[in-house]
Amino acid sequence: GRTGYPLVDAAMTQLWHMGWIPNYMRHVVASFLVEFLNIDWRRGEEWFDKTLVDSDVAINAYMWQNGGHSGMDQWNFVMHPVFAAKSCDPEGDYVRRWLPQLSGLPVEYIHCPWEAPFAMRAAAKLQLGRNYPKRIVLDLE
């Protein structure tokens, strides 16, 4: 939950605190891990198996295989962490709930705090690299 991408970090924070996240967030997190971090899907599958209270070995492994492009029904989409966030959390309520350090940002910057002007981040008491991480991937294209 320290990627610098608010939707991914919010989802992982919820997972850690509650042992559960909505299915859409599972897709976002899996896509980020596999597509943008180029980490083997088995690492995600292992983590989710240990942290999900509703973990089902067969379903968890099947979904991670698909997300990792090695399963029977491979995903043919990539969920961009900012575009997905603006779609599923347009007002930033989910992010604000799980990442209170971002709650002072206006909606247009809640999913991309690095784009907020310095003065706006300062007014929101947000310090990238201190109370919220800098992005670990700068170019998602």
# chains A, B, ... in the order shown; residues from 1 in each chain; ligands from 1
>>> residues_around(residues="region 8-17 of chain A", least_positions_apart="5", cutoff="7 Å", atoms="only C-alpha atoms", output="list in words")
Gly1, Arg2, Thr3, Met25, Val28, Val29, Thr51, Pro81, Val95, Trp98 and Leu99 of chain A
>>> residues_around(residues="Arg121 (chain A)", least_positions_apart="3", cutoff="12 Å", atoms="only C-alpha atoms", output="PyMOL selection string")
chain A and resi 101-106+109-110+112-118+124-128+131-132
>>> atom_distance(atom1="CA of His111 (chain A)", atom2="CA of Tyr5 (chain A)")
7.0 Å
>>> closest_residue(among="A:Gly68, A:Gly4, A:Gly92, A:Gly19", to="Val137 (chain A)", atoms="only C-alpha atoms")
A:Gly4
>>> residues_around(residues="Leu52 (chain A)", least_positions_apart="3", cutoff="12 Å", atoms="only C-alpha atoms", output="list in words")
Met12, Gln14, Leu15, Trp16, His17, Met18, Gly19, Trp20, Ile21, Pro22, Asn23, Arg26, Gly44, Glu45, Glu46, Trp47, Phe48, Asp49, Ser55, Asp56, Val57, Ile59 and Asn60 of chain A
>>> atom_distance(atom1="CA of Trp64 (chain A)", atom2="CA of Arg42 (chain A)")
7.2 Å
>>> residues_around(residues="Ser70 (chain A)", least_positions_apart="6", cutoff="12 Å", atoms="only C-alpha atoms", output="NGL selection string")
:A and (34 or 40-42 or 61-64 or 76)
>>> write_last_selection(atoms="N, CA, C and O atoms", output="mmCIF file, in the first residue's frame")
data_model
loop_
_atom_site.group_PDB
_atom_site.id
_atom_site.type_symbol
_atom_site.label_atom_id
_atom_site.label_comp_id
_atom_site.auth_asym_id
_atom_site.auth_seq_id
_atom_site.Cartn_x
_atom_site.Cartn_y
_atom_site.Cartn_z
ATOM 1 N N VAL A 34 1.141 -6.875 -11.758
ATOM 2 C CA VAL A 34 1.610 -7.655 -12.908
ATOM 3 C C VAL A 34 2.045 -6.763 -14.070
ATOM 4 O O VAL A 34 3.119 -6.953 -14.637
ATOM 5 N N ASP A 40 5.814 -11.230 -10.695
ATOM 6 C CA ASP A 40 5.158 -12.511 -10.967
ATOM 7 C C ASP A 40 3.821 -12.592 -10.224
ATOM 8 O O ASP A 40 3.742 -12.291 -9.026
ATOM 9 N N TRP A 41 2.791 -13.001 -10.935
ATOM 10 C CA TRP A 41 1.436 -13.082 -10.365
ATOM 11 C C TRP A 41 1.389 -13.962 -9.120
ATOM 12 O O TRP A 41 0.541 -13.772 -8.243
ATOM 13 N N ARG A 42 2.298 -14.915 -9.003
ATOM 14 C CA ARG A 42 2.281 -15.823 -7.850
ATOM 15 C C ARG A 42 2.566 -15.098 -6.541
ATOM 16 O O ARG A 42 2.121 -15.530 -5.480
ATOM 17 N N ALA A 61 -6.213 -18.572 -6.916
ATOM 18 C CA ALA A 61 -5.166 -18.967 -7.869
ATOM 19 C C ALA A 61 -5.640 -18.777 -9.307
ATOM 20 O O ALA A 61 -4.887 -18.278 -10.158
ATOM 21 N N TYR A 62 -6.867 -19.135 -9.593
ATOM 22 C CA TYR A 62 -7.416 -19.003 -10.946
ATOM 23 C C TYR A 62 -7.424 -17.540 -11.384
ATOM 24 O O TYR A 62 -7.006 -17.210 -12.502
ATOM 25 N N MET A 63 -7.897 -16.653 -10.517
ATOM 26 C CA MET A 63 -7.968 -15.237 -10.874
ATOM 27 C C MET A 63 -6.579 -14.629 -11.047
ATOM 28 O O MET A 63 -6.350 -13.853 -11.972
ATOM 29 N N TRP A 64 -5.647 -14.989 -10.191
ATOM 30 C CA TRP A 64 -4.289 -14.456 -10.333
ATOM 31 C C TRP A 64 -3.615 -15.011 -11.582
ATOM 32 O O TRP A 64 -2.864 -14.297 -12.242
ATOM 33 N N ASN A 76 -7.629 -9.634 -20.904
ATOM 34 C CA ASN A 76 -7.080 -8.906 -22.046
ATOM 35 C C ASN A 76 -7.250 -7.400 -21.833
ATOM 36 O O ASN A 76 -7.526 -6.662 -22.761
#
